[in-house]
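Visitor: Please read through the structure below; I'll follow up with questions.
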Number of protein chains: 2
Amino acid sequence: MSISLERFGDRWSLLIIRDLMVRGFRTFKEFQESGEGIATNILTDRLQKLEAAGIVTTEAAETDGRRVNYRLTGKGIDLAPVLLELLIWGAQHEETGAPCELIVKMAKDREDVLAEIRRRWRERDPTPLLPKFGDGASGRFSTNPSGGLTPLIRAG
Amino acid sequence: MSISLERFGDRWSLLIIRDLMVRGFRTFKEFQESGEGIATNILTDRLQKLEAAGIVTTEAAETDGRRVNYRLTGKGIDLAPVLLELLIWGAQHEETGAPCELIVKMAKDREDVLAEIRRRWRERDPTPLLPKFGDGASGRFSTNPSGGLTPLIRAG
DNA sequence: CAGGATCACTTGCATTTTGCAAGCGATCGT
DNA sequence: ACGATCGCTTGCAAAATGCAAGTGATCCTG
């Protein structure tokens, strides 16, 4: 556990990993503008450390020579369960904007959510896993008529 | 998730929580001498922040007026899944001293491990959940004749 | 009940990490 | 050719951390 924390036990690393994992971020600029307010020097430092730790890889974008695409490695995507538990804990115990039923659903369908995250990673599907709250049906999960939330992976 | 990380997203907080959760730590001195090398002022600061966040409670020990007993709250013990996932990830992807079969077992019997952690918390059982590696049968888990690892909660 | 040990902290100060703003070279679109 | 954009660096101030010594309350021993 202490080794895990040495790799990403700071305020930013796990947020970067989350954004790569479920928000479809690929580039430096996306992180910079994500609203969390990370400084560019810290962002550089964290991306390099995550790469050195084998959690993230970089590849130059073929369409744009300036751009660098960041991507999680298998080791990185294996952090999905950690992030999911962090999300569930925060939603259960702190004031968040997250709809309550959504969290219940994610806790119950844990394995489905993780499988969907892995699929998106394998297939390089950049669609954000979740809509911004209040967005309606624009993400991978959507509200159904009964007011509950239905993962699209079940609907087909 | 960012809210979770605001509460304990630093190098020490989760280690403190782990020690309370599975190593049976109760007092300031135990943390100080745990070998991780946390400075006393930082330890004070983290314990106070965790208390302010409702993750830890303090009570004066009735047997010794100097001593303060720290204990996880329900909110604190609910972090068990997070810590377990961190442990599993670290063991799978980094060089650790942990025996490989033990980790496989913990990943497989996740729910049993979590139930045992909760039971120990409810009953204020201070026995360390795990022996130090190589300790044999002195903890809550022990090796069985086939070389696998058997949680005592199943045997007893 | 005196004196020293122990406990949970505090304090002062050096070092490290972080945050902020500006700037840089390479590449891109026009 | 020229300005905009990209990932990243630099300089410097502010905050967090680490380290050593010290503090007051309580305990244990003789």
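How things are named: the first chain in the structure tokens is A, the next is B, and so on; residues count from 1 in each chain; ligands count from 1 in the order shown.
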Which chain B residues are at most 8 Å from chain D (counting only C-alpha atoms (C1' of nucleotides)), as a count of residues only?
Guide: 5
Visitor: Taking only C-alpha atoms into account and nothing else, which residues of chain B lie no more than 6 Å away from chain A? Please answer as a list in words.
Guide: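 My answer is Met1, Ser4, Gly9, Asp10, Arg11, Val82, Glu85, Leu86, Leu87 and Gly90 of chain B.
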Visitor: Assign secondary structure with DSSP using the backbone only, and return the residues of stretch 28-130 of chain A in alpha helix (DSSP H) as number ranges by chain.
Guide: A: 28-32, 40-52, 74-77, 80-93, 100-108, 110-122
Visitor: Would you list which chain B residues are within 10 Å of chain C using only C-alpha atoms (C1' of nucleotides), as a short mmCIF file (atom, residue, chain, number, x, y, z; two decimals) with N, CA and C atoms, in the first residue's frame?
Guide:
data_model
loop_
_atom_site.label_atom_id
_atom_site.label_comp_id
_atom_site.auth_asym_id
_atom_site.auth_seq_id
_atom_site.Cartn_x
_atom_site.Cartn_y
_atom_site.Cartn_z
N THR B 27 -2.65 4.54 19.55
CA THR B 27 -2.06 5.73 20.18
C THR B 27 -1.06 6.46 19.28
N PHE B 28 -0.86 7.71 19.61
CA PHE B 28 0.10 8.58 18.93
C PHE B 28 1.47 7.91 18.82
N LYS B 29 1.91 7.36 19.93
CA LYS B 29 3.24 6.76 19.99
C LYS B 29 3.39 5.60 19.01
N THR B 40 6.36 14.20 14.13
CA THR B 40 5.28 14.32 15.11
C THR B 40 4.34 15.48 14.80
N ASN B 41 4.88 16.55 14.28
CA ASN B 41 3.99 17.68 13.97
C ASN B 41 3.05 17.35 12.81
N LEU B 43 2.09 14.29 12.07
CA LEU B 43 1.17 13.30 12.62
C LEU B 43 0.02 13.98 13.37
N THR B 44 0.38 14.95 14.20
CA THR B 44 -0.65 15.72 14.91
C THR B 44 -1.61 16.36 13.93
N ASP B 64 -5.16 5.48 31.57
CA ASP B 64 -3.96 6.33 31.56
C ASP B 64 -4.32 7.71 31.05
N GLY B 65 -4.26 8.69 31.92
CA GLY B 65 -4.73 10.03 31.59
C GLY B 65 -3.92 10.73 30.53
N ARG B 66 -2.68 10.28 30.29
CA ARG B 66 -1.88 10.92 29.25
C ARG B 66 -2.30 10.44 27.88
N ARG B 67 -2.74 9.22 27.84
CA ARG B 67 -2.93 8.53 26.57
C ARG B 67 -4.24 8.94 25.89
N VAL B 68 -4.19 9.05 24.60
CA VAL B 68 -5.39 9.31 23.78
C VAL B 68 -5.58 8.10 22.87
#
Visitor: Run DSSP on the backbone and grab whatever in stretch 23-140 of chain B lands in strand (DSSP E); send it over as a list in words.
Guide: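 Restricting stretch 23-140 of chain B to strand (DSSP E) produces Val56, Thr57, Thr58, Glu59, Ala60, Val68, Asn69, Tyr70, Arg71 and Leu72 of chain B.
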Visitor: I'd like the interatomic distance between atom CA of A:Thr58 and atom CA of A:Leu72, to a tenth of an Å.
Guide: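 The value is 8.9 Å.
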Visitor: Just how far from atom CA of B:Leu129 is atom CA of B:Arg110, in Å to one decimal?
Guide: 13.8 Å
Visitor: Report as a PyMOL selection string all protein, DNA and RNA residues lying within 9 Å of B:Phe25, evaluated on only C-alpha atoms (C1' of nucleotides), omitting residues in the same chain fewer than 3 positions from it.
Guide: chain B and resi 16+19-22+28+30-31+69-71+126+128
Visitor: Would you save the residues from that selection as a short mmCIF file (atom, residue, chain, number, x, y, z; two decimals), in the first residue's frame, using N, CA and C atoms?
Guide:
data_model
loop_
_atom_site.label_atom_id
_atom_site.label_comp_id
_atom_site.auth_asym_id
_atom_site.auth_seq_id
_atom_site.Cartn_x
_atom_site.Cartn_y
_atom_site.Cartn_z
N ILE B 16 -2.05 6.21 7.94
CA ILE B 16 -2.60 6.28 9.30
C ILE B 16 -3.90 5.47 9.37
N ASP B 19 -3.19 1.81 9.35
CA ASP B 19 -2.67 1.30 10.63
C ASP B 19 -3.78 1.19 11.67
N LEU B 20 -4.71 2.12 11.64
CA LEU B 20 -5.86 2.02 12.55
C LEU B 20 -6.72 0.82 12.17
N MET B 21 -6.82 0.59 10.85
CA MET B 21 -7.77 -0.40 10.36
C MET B 21 -7.26 -1.83 10.52
N VAL B 22 -6.03 -2.08 10.11
CA VAL B 22 -5.58 -3.47 10.08
C VAL B 22 -4.40 -3.78 10.99
N PHE B 28 -0.86 7.71 19.61
CA PHE B 28 0.10 8.58 18.93
C PHE B 28 1.47 7.91 18.82
N GLU B 30 2.34 4.80 18.87
CA GLU B 30 2.42 3.67 17.95
C GLU B 30 2.67 4.15 16.51
N PHE B 31 1.99 5.20 16.12
CA PHE B 31 2.20 5.74 14.78
C PHE B 31 3.63 6.27 14.65
N ASN B 69 -6.76 7.56 22.84
CA ASN B 69 -7.03 6.47 21.91
C ASN B 69 -7.70 6.99 20.66
N TYR B 70 -7.09 6.69 19.52
CA TYR B 70 -7.69 7.05 18.23
C TYR B 70 -8.44 5.85 17.69
N ARG B 71 -9.54 6.14 17.03
CA ARG B 71 -10.34 5.05 16.46
C ARG B 71 -11.03 5.55 15.20
N PRO B 126 -8.29 -5.56 18.58
CA PRO B 126 -7.06 -4.89 18.14
C PRO B 126 -6.03 -5.82 17.51
N PRO B 128 -3.77 -7.50 15.01
CA PRO B 128 -3.43 -7.17 13.61
C PRO B 128 -4.08 -8.16 12.66
#
Visitor: Quick one, how far is atom CA of B:Glu111 from atom CA of A:Ile103?
Guide: 19.1 Å
